[in-house]
file run-v4.txt (compact mmCIF, C-alpha atoms)
# COMPACT_ATOMS: atom_id res chain seq x y z
CA MET A 198 18.89 -27.67 20.15
CA ALA A 199 17.77 -26.09 16.87
CA THR A 200 14.20 -26.05 18.17
CA ALA A 201 15.22 -23.95 21.19
CA SER A 202 17.05 -21.56 18.87
CA TYR A 203 13.94 -21.10 16.71
CA VAL A 204 11.75 -20.45 19.74
CA SER A 205 14.32 -18.05 21.24
CA LYS A 206 14.48 -16.17 17.94
CA TRP A 207 10.68 -15.96 17.83
CA LEU A 208 10.67 -14.51 21.37
CA GLU A 209 13.41 -12.05 20.41
CA ILE A 210 11.40 -10.80 17.41
CA ASN A 211 7.93 -10.86 18.97
CA GLY A 212 8.63 -10.35 22.67
CA THR A 213 7.25 -12.53 25.42
CA PRO A 214 3.44 -12.56 25.50
CA LYS A 215 1.89 -11.73 28.89
CA GLU A 216 0.29 -15.17 29.07
CA ILE A 217 3.73 -16.79 28.88
CA GLU A 218 5.19 -14.30 31.36
CA ASP A 219 2.43 -15.23 33.82
CA ILE A 220 3.06 -18.98 33.37
CA VAL A 221 6.84 -18.55 33.76
CA GLY A 222 6.32 -16.39 36.86
CA TYR A 223 4.17 -19.11 38.38
CA CYS A 224 6.73 -21.81 37.55
CA LEU A 225 9.52 -19.76 39.13
CA ARG A 226 7.47 -19.19 42.31
CA LYS A 227 6.73 -22.93 42.56
CA GLU A 228 10.26 -24.13 41.73
CA ASN A 229 11.82 -26.12 44.55
CA GLY A 230 15.24 -26.65 43.00
CA LYS A 231 14.28 -30.06 41.63
CA VAL A 232 11.94 -29.40 38.70
CA PHE A 233 13.78 -26.75 36.68
CA LYS A 234 17.16 -27.66 38.14
CA GLY A 235 19.81 -25.30 36.74
CA MET A 236 17.45 -23.52 34.32
CA ASP A 237 17.32 -19.73 34.27
CA LYS A 238 14.27 -17.59 33.53
CA ASP A 239 15.10 -17.28 29.81
CA THR A 240 15.36 -21.06 29.43
CA ILE A 241 12.05 -21.59 31.24
CA THR A 242 10.44 -18.89 29.06
CA THR A 243 11.71 -20.67 25.95
CA MET A 244 10.45 -24.01 27.28
CA VAL A 245 6.96 -22.70 28.11
CA THR A 246 6.73 -21.02 24.69
CA TYR A 247 7.88 -24.23 23.01
CA HIS A 248 5.15 -26.19 24.79
CA MET A 249 2.56 -23.55 23.85
CA PHE A 250 3.56 -23.91 20.19
CA LYS A 251 3.35 -27.70 20.24
CA LYS A 252 0.21 -27.75 22.42
CA THR A 253 1.72 -29.97 25.12
CA ILE A 254 0.86 -27.75 28.07
CA SER A 255 -2.10 -27.44 30.40
CA VAL A 256 -2.57 -24.24 32.38
CA ILE A 257 -5.27 -23.72 35.00
CA TYR A 258 -6.37 -20.23 36.02
CA GLU A 259 -8.43 -18.92 38.95
CA ASP A 260 -9.41 -15.26 38.87
CA LYS A 261 -7.02 -14.73 35.93
CA LYS A 262 -4.07 -16.05 37.98
CA VAL A 263 -2.13 -19.19 37.08
CA VAL A 264 -2.71 -21.89 39.71
CA GLY A 265 -1.49 -24.97 37.84
CA VAL A 266 0.83 -25.95 34.98
CA HIS A 267 1.71 -29.26 33.35
CA MET A 268 4.02 -29.83 30.36
CA TRP A 269 4.76 -33.15 28.66
CA TYR A 270 6.58 -34.81 25.76
CA ASN A 271 5.69 -37.62 23.35
CA CYS A 272 8.65 -39.95 23.02
CA ASP A 273 9.77 -43.58 22.94
CA TYR A 274 10.16 -45.63 26.10
CA THR A 275 13.88 -45.96 25.37
CA ASP A 276 14.37 -42.17 25.38
CA ASP A 277 15.97 -40.69 28.49
CA TRP A 278 16.17 -37.20 30.00
CA THR A 279 18.56 -36.10 27.24
CA PHE A 280 15.48 -36.18 24.97
CA VAL A 281 14.22 -33.16 26.95
CA GLU A 282 17.63 -31.53 27.48
CA ASN A 283 18.42 -31.69 23.76
CA TRP A 284 15.05 -30.17 22.79
CA GLU A 285 14.24 -33.10 20.53
CA GLU A 286 10.98 -32.90 18.64
CA ASP A 287 8.07 -34.90 19.96
CA LYS A 288 7.55 -38.35 18.52
CA LYS A 289 3.80 -38.41 17.95
CA ASP A 290 4.05 -42.10 17.05
CA GLY A 291 6.14 -42.79 20.16
CA ASP A 292 4.92 -45.33 22.69
CA THR A 293 5.46 -43.14 25.77
CA ILE A 294 4.51 -39.80 27.29
CA TRP A 295 7.10 -38.10 29.48
CA LEU A 296 5.35 -36.25 32.32
CA ALA A 297 7.88 -33.48 32.74
CA PHE A 298 6.80 -30.37 34.64
CA LEU A 299 3.80 -30.41 36.98
CA PHE A 300 2.71 -27.83 39.54
CA GLY A 301 -0.71 -27.36 41.11
CA ASP A 302 -1.86 -25.20 44.01
CA SER A 303 -4.43 -27.68 45.30
CA ASN A 304 -5.88 -31.13 44.76
CA GLU A 305 -8.75 -29.56 42.79
CA VAL A 306 -6.25 -27.88 40.46
CA MET A 307 -4.40 -31.20 40.05
CA LYS A 308 -7.71 -32.81 39.04
CA GLU A 309 -8.31 -30.09 36.46
CA LEU A 310 -4.77 -30.52 35.11
CA ILE A 311 -5.25 -34.28 34.74
CA LEU A 312 -8.62 -33.89 33.02
CA ASP A 313 -7.22 -31.24 30.65
CA PHE A 314 -4.21 -33.47 29.95
CA ILE A 315 -6.48 -36.40 29.03
CA LYS A 316 -8.59 -34.11 26.81
CA LYS A 317 -5.53 -32.73 24.98
CA GLU A 318 -3.56 -35.99 24.89
CA PRO A 319 -6.05 -38.92 24.86
CA ASP A 320 -3.19 -41.34 24.12
CA VAL A 321 -2.28 -40.96 27.80
CA LEU A 322 -4.85 -43.71 28.39
CA THR A 323 -2.89 -46.23 26.31
CA LYS A 324 0.75 -45.12 26.14
CA LYS A 325 3.43 -45.82 28.73
CA LEU A 326 4.06 -42.98 31.18
CA VAL A 327 7.44 -41.95 32.62
CA ALA A 328 8.74 -39.13 34.81
CA ILE A 329 11.78 -38.05 36.80
CA ARG A 330 11.66 -38.06 40.61
CA GLU A 331 14.35 -37.12 43.08
CA LYS A 332 15.32 -40.16 45.13
CA GLN A 333 18.02 -39.46 47.71
CA ASN A 334 18.92 -36.26 45.78
CA ILE A 335 19.45 -38.23 42.57
CA PRO A 336 17.13 -37.64 39.58
CA THR A 337 15.69 -41.07 38.84
CA ARG A 338 13.47 -42.09 35.94
CA ILE A 339 10.30 -43.84 37.06
CA ASP A 340 7.39 -45.54 35.34
CA VAL A 341 4.11 -43.84 36.23
CA SER A 342 0.95 -45.87 36.62
CA ARG A 343 -2.38 -44.47 35.48
CA LYS A 344 -3.47 -45.31 39.04
CA TYR A 345 -1.68 -42.07 39.97
CA PHE A 346 -4.35 -40.18 38.01
CA SER A 347 -7.18 -42.25 39.51
CA LYS A 348 -5.89 -41.58 43.02
CA ILE A 349 -5.91 -37.81 42.48
CA LEU A 350 -9.26 -37.80 40.66
CA LYS A 351 -10.92 -39.70 43.53
CA LYS A 352 -9.79 -37.25 46.24
call {"tool": "encode", "arguments": {"input": "run-v4.txt", "output": "structure tokens"}}
result
Amino acid sequence: MATASYVSKWLEINGTPKEIEDIVGYCLRKENGKVFKGMDKDTITTMVTYHMFKKTISVIYEDKKVVGVHMWYNCDYTDDWTFVENWEEDKKDGDTIWLAFLFGDSNEVMKELILDFIKKEPDVLTKKLVAIREKQNIPTRIDVSRKYFSKILKK
């Protein structure tokens, strides 16, 4: 949680940059009660800023408006959601990438997000991929196949 405190302090001293405000606004508009479950605007602002600092975020713009966002974590396969909740630092040598927060306005935006993700995090092509999905209203960890990316890129 120390990481969140440092980022919060940075925001307190420097204010929230417009770019981050725009990304947070987009995330809040897209939230369906499952992605940022229980998180308030300040927490999401801290999270987006944290991902900006560690360069684990892709943002797609059209006409200067945010139309897609993806944030991820480098971790070990044995890590669970508490890794994210506890604001643990990324494990660059970890064997897994946690696909955490993903919103896109269209299939074309999703393609751009995936291509930007691969460009920024080329290890996605070799590391294990995990995510959380709601199954019968229960957050469930799932393994994600790279076929998911292929399916979207082929559309």
call {"tool": "atom_distance", "arguments": {"input": "run-v4.txt", "atom1": "atom CA of A:Lys352", "atom2": "atom CA of A:Ile257"}}
result
18.2 Å
call {"tool": "closest_residue", "arguments": {"input": "run-v4.txt", "among": "A:Val256, A:Ile329, A:Ala201, A:Ile294", "to": "A:Tyr274", "atoms": "only C-alpha atoms"}}
result
A:Ile294
call {"tool": "closest_residue", "arguments": {"input": "run-v4.txt", "among": "A:Lys308, A:Lys317, A:Lys227, A:Lys215", "to": "A:Lys251", "atoms": "all atoms listed in the file"}}
result
A:Lys317
call {"tool": "atom_distance", "arguments": {"input": "run-v4.txt", "atom1": "atom CA of A:Glu218", "atom2": "atom CA of A:Ala297"}}
result
19.4 Å
call {"tool": "atom_distance", "arguments": {"input": "run-v4.txt", "atom1": "atom CA of A:Ile217", "atom2": "atom CA of A:Thr243"}}
result
9.3 Å
call {"tool": "closest_residue", "arguments": {"input": "run-v4.txt", "among": "A:Tyr223, A:Phe300, A:Tyr203, A:Tyr270", "to": "A:Ile241", "atoms": "only C-alpha atoms"}}
result
A:Tyr223
call {"tool": "closest_atom_pairs", "arguments": {"input": "run-v4.txt", "of": "stretch 251-273 of chain A", "to": "stretch 278-281 of chain A", "cutoff": "12 Å", "atoms": "all atoms listed in the file", "output": "Markdown table"}}
result
| residue | atom | partner | partner_atom | distance |
| --- | --- | --- | --- | --- |
| A:Met268 | CA | A:Val281 | CA | 11.3 |
| A:Trp269 | CA | A:Val281 | CA | 9.6 |
| A:Tyr270 | CA | A:Val281 | CA | 7.9 |
| A:Asn271 | CA | A:Phe280 | CA | 10.0 |
| A:Cys272 | CA | A:Phe280 | CA | 8.0 |
| A:Asp273 | CA | A:Phe280 | CA | 9.6 |
call {"tool": "closest_residue", "arguments": {"input": "run-v4.txt", "among": "A:Met307, A:Leu312, A:Ile210, A:Val245", "to": "A:Leu225", "atoms": "only C-alpha atoms"}}
result
A:Val245
call {"tool": "residues_around", "arguments": {"input": "run-v4.txt", "residues": "stretch 259-266 of chain A", "least_positions_apart": "3", "cutoff": "10 Å", "atoms": "only C-alpha atoms", "output": "VMD selection string"}}
result
chain A and resid 216 219 to 224 227 245 254 to 256 298 to 303 305 to 307 309 to 310
call {"tool": "write_last_selection", "arguments": {"input": "run-v4.txt", "atoms": "C-alpha atoms", "output": "mmCIF file, in the frame of the given file"}}
result
data_model
loop_
_atom_site.group_PDB
_atom_site.id
_atom_site.type_symbol
_atom_site.label_atom_id
_atom_site.label_comp_id
_atom_site.auth_asym_id
_atom_site.auth_seq_id
_atom_site.Cartn_x
_atom_site.Cartn_y
_atom_site.Cartn_z
ATOM 1 C CA GLU A 216 0.290 -15.170 29.070
ATOM 2 C CA ASP A 219 2.430 -15.230 33.820
ATOM 3 C CA ILE A 220 3.060 -18.980 33.370
ATOM 4 C CA VAL A 221 6.840 -18.550 33.760
ATOM 5 C CA GLY A 222 6.320 -16.390 36.860
ATOM 6 C CA TYR A 223 4.170 -19.110 38.380
ATOM 7 C CA CYS A 224 6.730 -21.810 37.550
ATOM 8 C CA LYS A 227 6.730 -22.930 42.560
ATOM 9 C CA VAL A 245 6.960 -22.700 28.110
ATOM 10 C CA ILE A 254 0.860 -27.750 28.070
ATOM 11 C CA SER A 255 -2.100 -27.440 30.400
ATOM 12 C CA VAL A 256 -2.570 -24.240 32.380
ATOM 13 C CA PHE A 298 6.800 -30.370 34.640
ATOM 14 C CA LEU A 299 3.800 -30.410 36.980
ATOM 15 C CA PHE A 300 2.710 -27.830 39.540
ATOM 16 C CA GLY A 301 -0.710 -27.360 41.110
ATOM 17 C CA ASP A 302 -1.860 -25.200 44.010
ATOM 18 C CA SER A 303 -4.430 -27.680 45.300
ATOM 19 C CA GLU A 305 -8.750 -29.560 42.790
ATOM 20 C CA VAL A 306 -6.250 -27.880 40.460
ATOM 21 C CA MET A 307 -4.400 -31.200 40.050
ATOM 22 C CA GLU A 309 -8.310 -30.090 36.460
ATOM 23 C CA LEU A 310 -4.770 -30.520 35.110
#
call {"tool": "residues_around", "arguments": {"input": "run-v4.txt", "residues": "A:Ser342", "least_positions_apart": "6", "cutoff": "10 Å", "atoms": "all atoms listed in the file", "output": "PDB file with C-alpha atoms, in the coordinates of the input"}}
result
ATOM      1  CA  LYS A 325       3.430 -45.820  28.730  1.00  0.00           C
ATOM      2  CA  LEU A 326       4.060 -42.980  31.180  1.00  0.00           C
ATOM      3  CA  VAL A 327       7.440 -41.950  32.620  1.00  0.00           C
TER       4      VAL A 327
END
call {"tool": "closest_residue", "arguments": {"input": "run-v4.txt", "among": "A:Met249, A:Leu296, A:Leu350, A:Ile311", "to": "A:Lys324", "atoms": "all atoms listed in the file"}}
result
A:Leu296
call {"tool": "build_atoms", "arguments": {"input": "run-v4.txt", "residues": "stretch 281-305 of chain A", "atoms": "N, CA and C atoms", "output": "tab-separated table (two decimals), keeping the file's coordinate frame"}}
result
chain	number	residue	atom	x	y	z
A	281	VAL	N	14.73	-34.48	26.53
A	281	VAL	CA	14.22	-33.16	26.95
A	281	VAL	C	15.35	-32.13	26.89
A	282	GLU	N	16.49	-32.47	27.44
A	282	GLU	CA	17.63	-31.53	27.48
A	282	GLU	C	18.08	-31.10	26.09
A	283	ASN	N	17.97	-31.99	25.13
A	283	ASN	CA	18.42	-31.69	23.76
A	283	ASN	C	17.32	-31.08	22.89
A	284	TRP	N	16.17	-30.80	23.49
A	284	TRP	CA	15.05	-30.17	22.79
A	284	TRP	C	14.66	-30.96	21.54
A	285	GLU	N	14.65	-32.28	21.67
A	285	GLU	CA	14.24	-33.10	20.53
A	285	GLU	C	12.75	-32.92	20.26
A	286	GLU	N	12.39	-33.04	18.99
A	286	GLU	CA	10.98	-32.90	18.64
A	286	GLU	C	10.19	-34.10	19.14
A	287	ASP	N	8.93	-33.83	19.50
A	287	ASP	CA	8.07	-34.90	19.96
A	287	ASP	C	7.95	-35.99	18.90
A	288	LYS	N	7.79	-37.19	19.39
A	288	LYS	CA	7.55	-38.35	18.52
A	288	LYS	C	6.09	-38.73	18.68
A	289	LYS	N	5.24	-38.16	17.84
A	289	LYS	CA	3.80	-38.41	17.95
A	289	LYS	C	3.46	-39.89	17.87
A	290	ASP	N	4.28	-40.67	17.16
A	290	ASP	CA	4.05	-42.10	17.05
A	290	ASP	C	4.78	-42.87	18.15
A	291	GLY	N	5.42	-42.14	19.07
A	291	GLY	CA	6.14	-42.79	20.16
A	291	GLY	C	5.18	-43.56	21.06
A	292	ASP	N	5.74	-44.47	21.83
A	292	ASP	CA	4.92	-45.33	22.69
A	292	ASP	C	4.81	-44.82	24.13
A	293	THR	N	5.36	-43.63	24.40
A	293	THR	CA	5.46	-43.14	25.77
A	293	THR	C	5.18	-41.65	25.85
A	294	ILE	N	4.66	-41.22	26.99
A	294	ILE	CA	4.51	-39.80	27.29
A	294	ILE	C	5.35	-39.51	28.52
A	295	TRP	N	6.22	-38.51	28.39
A	295	TRP	CA	7.10	-38.10	29.48
A	295	TRP	C	6.39	-36.98	30.23
A	296	LEU	N	6.01	-37.25	31.48
A	296	LEU	CA	5.35	-36.25	32.32
A	296	LEU	C	6.45	-35.41	32.95
A	297	ALA	N	6.65	-34.20	32.41
A	297	ALA	CA	7.88	-33.48	32.74
A	297	ALA	C	7.74	-32.43	33.84
A	298	PHE	N	6.86	-31.49	33.71
A	298	PHE	CA	6.80	-30.37	34.64
A	298	PHE	C	5.36	-30.23	35.13
A	299	LEU	N	5.15	-30.39	36.42
A	299	LEU	CA	3.80	-30.41	36.98
A	299	LEU	C	3.77	-29.65	38.29
A	300	PHE	N	2.94	-28.60	38.32
A	300	PHE	CA	2.71	-27.83	39.54
A	300	PHE	C	1.22	-27.57	39.67
A	301	GLY	N	0.68	-27.71	40.86
A	301	GLY	CA	-0.71	-27.36	41.11
A	301	GLY	C	-0.89	-26.86	42.53
A	302	ASP	N	-1.69	-25.82	42.69
A	302	ASP	CA	-1.86	-25.20	44.01
A	302	ASP	C	-2.72	-26.01	44.96
A	303	SER	N	-3.53	-26.91	44.44
A	303	SER	CA	-4.43	-27.68	45.30
A	303	SER	C	-4.79	-28.99	44.61
A	304	ASN	N	-5.44	-29.87	45.34
A	304	ASN	CA	-5.88	-31.13	44.76
A	304	ASN	C	-6.90	-30.88	43.65
A	305	GLU	N	-7.76	-29.88	43.83
A	305	GLU	CA	-8.75	-29.56	42.79
A	305	GLU	C	-8.06	-29.11	41.50
